[in-house]
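Down below is the structure, laid out as structure tokens.
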Amino acid sequence: MGHEQAIASEMNAQEAGFGFAPNHDETARLAFVGALKKFANFNVEGRVAKLFDEELLPAHIAKGNPVPQIRKQAASLIEDHPLYQLWGSLTFHSQNLMWDAVQVTTDRTLDAQIAQYQATASSGDAQGSVALSDELLVKAPVATTEIHRQPGGYWRETRADDLEAALNYSGTVELYRIAKGMAAGDSPPDDAFGRFVSGVAKKYAPDLNPTAILDMGCGTGEQTLAYKRVFPEAEVHAIDVARPFIRFAHANAEDAGVAAHFAEMDAGATTYEDESFDLIVSIIMFHETSKAQAHDIMKECHRLLKPGGLALHLDVPYQPSQIPLIKQVTNNWQVRHNGEPFWSGFADLDMKEVAINAGFDADSAFATYEAVGPAAYHFFGGRKAS
Amino acid sequence: MSEHDASDSFPEGPRPGDRHTTFFDDPVKEHLLRGLITVSMELSVTRERVATLEALLVETGAIKAGQADAYQPALEDATARGEAREKLIESVLGLFLESLAKAD
């Protein structure tokens, strides 16, 4: 094969797979936005924290003022500082650039991706399945907020078999890994978080051999694949309220050759029968719900678990006891300016108490932290009494 | 339940589709910074494109490594490049010059 043919063949192979597929320049643009976000998150936010700790706070105390105890008091010390404004501007604008950048790839590839989904969904030889529901009522904040300022939000559709929101979201995942410093060194596999959660499940319930697993708030379903790979004997189900994401997840799983069953469903009000699963998991779902939904979802977990089953949920580790006041200030900025309406509300919830209120025994309910690489995540849930 | 009703109210967030909220005291300076970042992004993309093209040219034997660095444009080409360069500078800085000159 000549070199030109080899290049053309390679390009065709790249285009044949399902999923977000940026070309050369689109990849370079995303890499730039990822690097810009990393600069804002580490270099600039680091300087903001240093300014607060080493200058603004000591000066405030030296004037005889009390040490700030809550986020609001800390915010008033820094909100008008030009460095904090620069951090806000860079964070806001990098989000603009990110959504603009992924949209270019989505617009270029959307029709072909939809055709591929339609072929998969109607082929009849799928290993897994997809089930959509016209009855589902999408609730706030997902229904009312453009979470992360994603244009149109997660769930809206503008064409038949729409995948636009899922393709755009999927395009941001690798970029966020760069921005949070997680892509340094070896690039982790696409299902790294699902594998991490699976490992924690084995640690917390070493005797559990799950035969039926439910992944709640599965989004685009990349992490769902890990549960089938780690527990190949188990039947794996996954749900989300965003229809474009459920379609994407199905086509993605079939493309990867992994059997998983995806359904458009509310985690707080599923249609599964009592005691259907022995492992229920989620990854960064709870902070995009509400206090009422968090309680409903945990109750639903208890109802759906078989005796001895484990509910294990991962979310952001931003509880006030875990992070300094200045980080609470920048996190609250995300609430106001980055479409994270329940970010602070979630951080204030005691998820162990939520699990106990949902029916888990006090000695089996937990709210803990587990580290992966340089990052730690909040884990919570419980084990249903045998 | 009333507890549920109360807990489902959310703090104020960004307006749908908002791209223009600013944070600096002077929004004009902030928009200039944002424009500069966008230009830097496109420069980064173009640099990567050129690096890819040059690598492919070397790989396929069309040019030798270092040949682009050693390249000297012919006089006519060099003149055209010089004119384009000056036109670009004029297009970026000309309006500043005119408006500041008028401000005096």
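Each chain in the structure tokens gets a letter, A, B, ..., in the order shown, and its residues are numbered from 1; ligands are numbered from 1 in order too.
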
Closest contacts (chain A/chain B, max 8 Å, only C-alpha atoms) as CSV:
```
residue,atom,partner,partner_atom,distance
A:His3,CA,B:Thr60,CA,7.3
A:His24,CA,B:Arg49,CA,7.5
A:Asp25,CA,B:Val45,CA,5.8
A:Ala28,CA,B:Val45,CA,5.2
A:Arg29,CA,B:Val45,CA,5.8
A:Phe32,CA,B:Met41,CA,6.1
A:Val33,CA,B:Met41,CA,7.6
A:Pro82,CA,B:Phe24,CA,6.9
A:Gln85,CA,B:Phe23,CA,5.2
A:Leu86,CA,B:Phe24,CA,7.0
A:Gly88,CA,B:Phe23,CA,6.4
A:Ser89,CA,B:Phe23,CA,5.7
A:His93,CA,B:Arg34,CA,6.9
A:Asn96,CA,B:Arg19,CA,6.5
A:Leu97,CA,B:Thr38,CA,7.9
A:Ala140,CA,B:Asp8,CA,7.7
A:Pro141,CA,B:Phe10,CA,7.7
A:Thr145,CA,B:Pro16,CA,7.3
A:Glu146,CA,B:Pro16,CA,6.2
A:Arg149,CA,B:Pro16,CA,7.3
A:Pro151,CA,B:Gly17,CA,6.1
A:Gly152,CA,B:Pro16,CA,7.6
A:Ser290,CA,B:Asp8,CA,5.8
A:Lys291,CA,B:Ser7,CA,5.5
A:Ala292,CA,B:His4,CA,4.9
A:Val335,CA,B:Gly13,CA,6.2
A:Arg336,CA,B:Gly13,CA,4.4
A:His337,CA,B:Pro14,CA,5.2
A:Asn338,CA,B:Pro14,CA,6.6
A:Gly339,CA,B:Gly13,CA,5.8
A:Glu340,CA,B:Gly13,CA,7.6
A:Pro341,CA,B:Phe10,CA,5.8
A:Phe342,CA,B:Phe10,CA,7.0
```

(message) Residues near Tyr227 (chain A), anyone? I mean within 8 Å using only C-alpha atoms, not counting same-chain ones fewer than 5 positions away, as a ChimeraX atom specification.
(response) /A:194-195,198,213,232,236

(message) Just want the 12 Å neighbourhood of Ala68 (chain B), counted on only C-alpha atoms, with same-chain residues fewer than 6 positions away dropped. Output as a PyMOL selection string.
(response) chain B and resi 50-51+53-55+57-58+62

(request) Would you mind writing down, as a PyMOL selection string, each residue of chain B that DSSP on the backbone assigns to alpha helix (DSSP H)? (result) chain B and resi 2-7+27-59+67-70+75-103

(request) Excluding region 169-175 of chain A and any residue of its chain fewer than 6 positions from it, enumerate the residues within 7 Å of it, using only C-alpha atoms, and give them as a ChimeraX atom specification. (result) /A:20,30-31,34,102,220

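On the backbone of this structure, DSSP gives strand (DSSP E) within region 82-246 of chain A to Ser129, Val130, Ala131, Ala212, Ile213, Leu214, Asp215, Met216, Glu235, Val236, His237, Ala238, Ile239 and Asp240 of chain A.
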
(request) Would you list the contacts of Ala205 (chain A) as an NGL selection string, taking every protein, DNA or RNA residue within 9 Å and counting only C-alpha atoms, but skipping same-chain residues closer than 4 positions in sequence? (result) :A and (200-201 or 209 or 309-310 or 383)

(message) What's the separation between CA of Thr106 (chain A) and CA of Tyr154 (chain A), in Å to one decimal place?
(response)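 Those two atoms sit 14.5 Å apart.
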
(message) Taking 5 positions as the minimum chain separation for residues in the same chain, which residues sit within 10 Å of Val130 (chain A) when counting only C-alpha atoms? Answer as a ChimeraX atom specification.
(response) /A:121,237-239,246-251,260-264

Residues from last step as file, C-alpha atoms, as a short mmCIF file (atom, residue, chain, number, x, y, z; two decimals), in the first residue's frame:
```cif
data_model
loop_
_atom_site.label_atom_id
_atom_site.label_comp_id
_atom_site.auth_asym_id
_atom_site.auth_seq_id
_atom_site.Cartn_x
_atom_site.Cartn_y
_atom_site.Cartn_z
CA ALA A 121 -30.80 0.20 17.08
CA HIS A 237 -28.36 -2.10 33.28
CA ALA A 238 -27.87 1.66 33.08
CA ILE A 239 -30.30 4.59 33.23
CA ILE A 246 -29.08 6.94 26.35
CA ARG A 247 -29.00 6.57 22.56
CA PHE A 248 -25.30 7.42 22.52
CA ALA A 249 -24.58 4.96 25.35
CA HIS A 250 -26.31 2.13 23.49
CA ALA A 251 -24.48 2.70 20.20
CA ALA A 260 -25.41 -3.54 28.47
CA HIS A 261 -29.06 -2.51 28.71
CA PHE A 262 -29.76 1.21 28.63
CA ALA A 263 -33.06 2.85 29.58
CA GLU A 264 -34.37 6.40 29.78
#
```

(request) Provide the CA of Thr270 (chain A) to CA of Met351 (chain A) distance in Å, to one decimal place. (result) 20.6 Å

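Distance-wise, CA of Phe96 (chain B) and CA of Leu36 (chain A) end up 28.2 Å apart.
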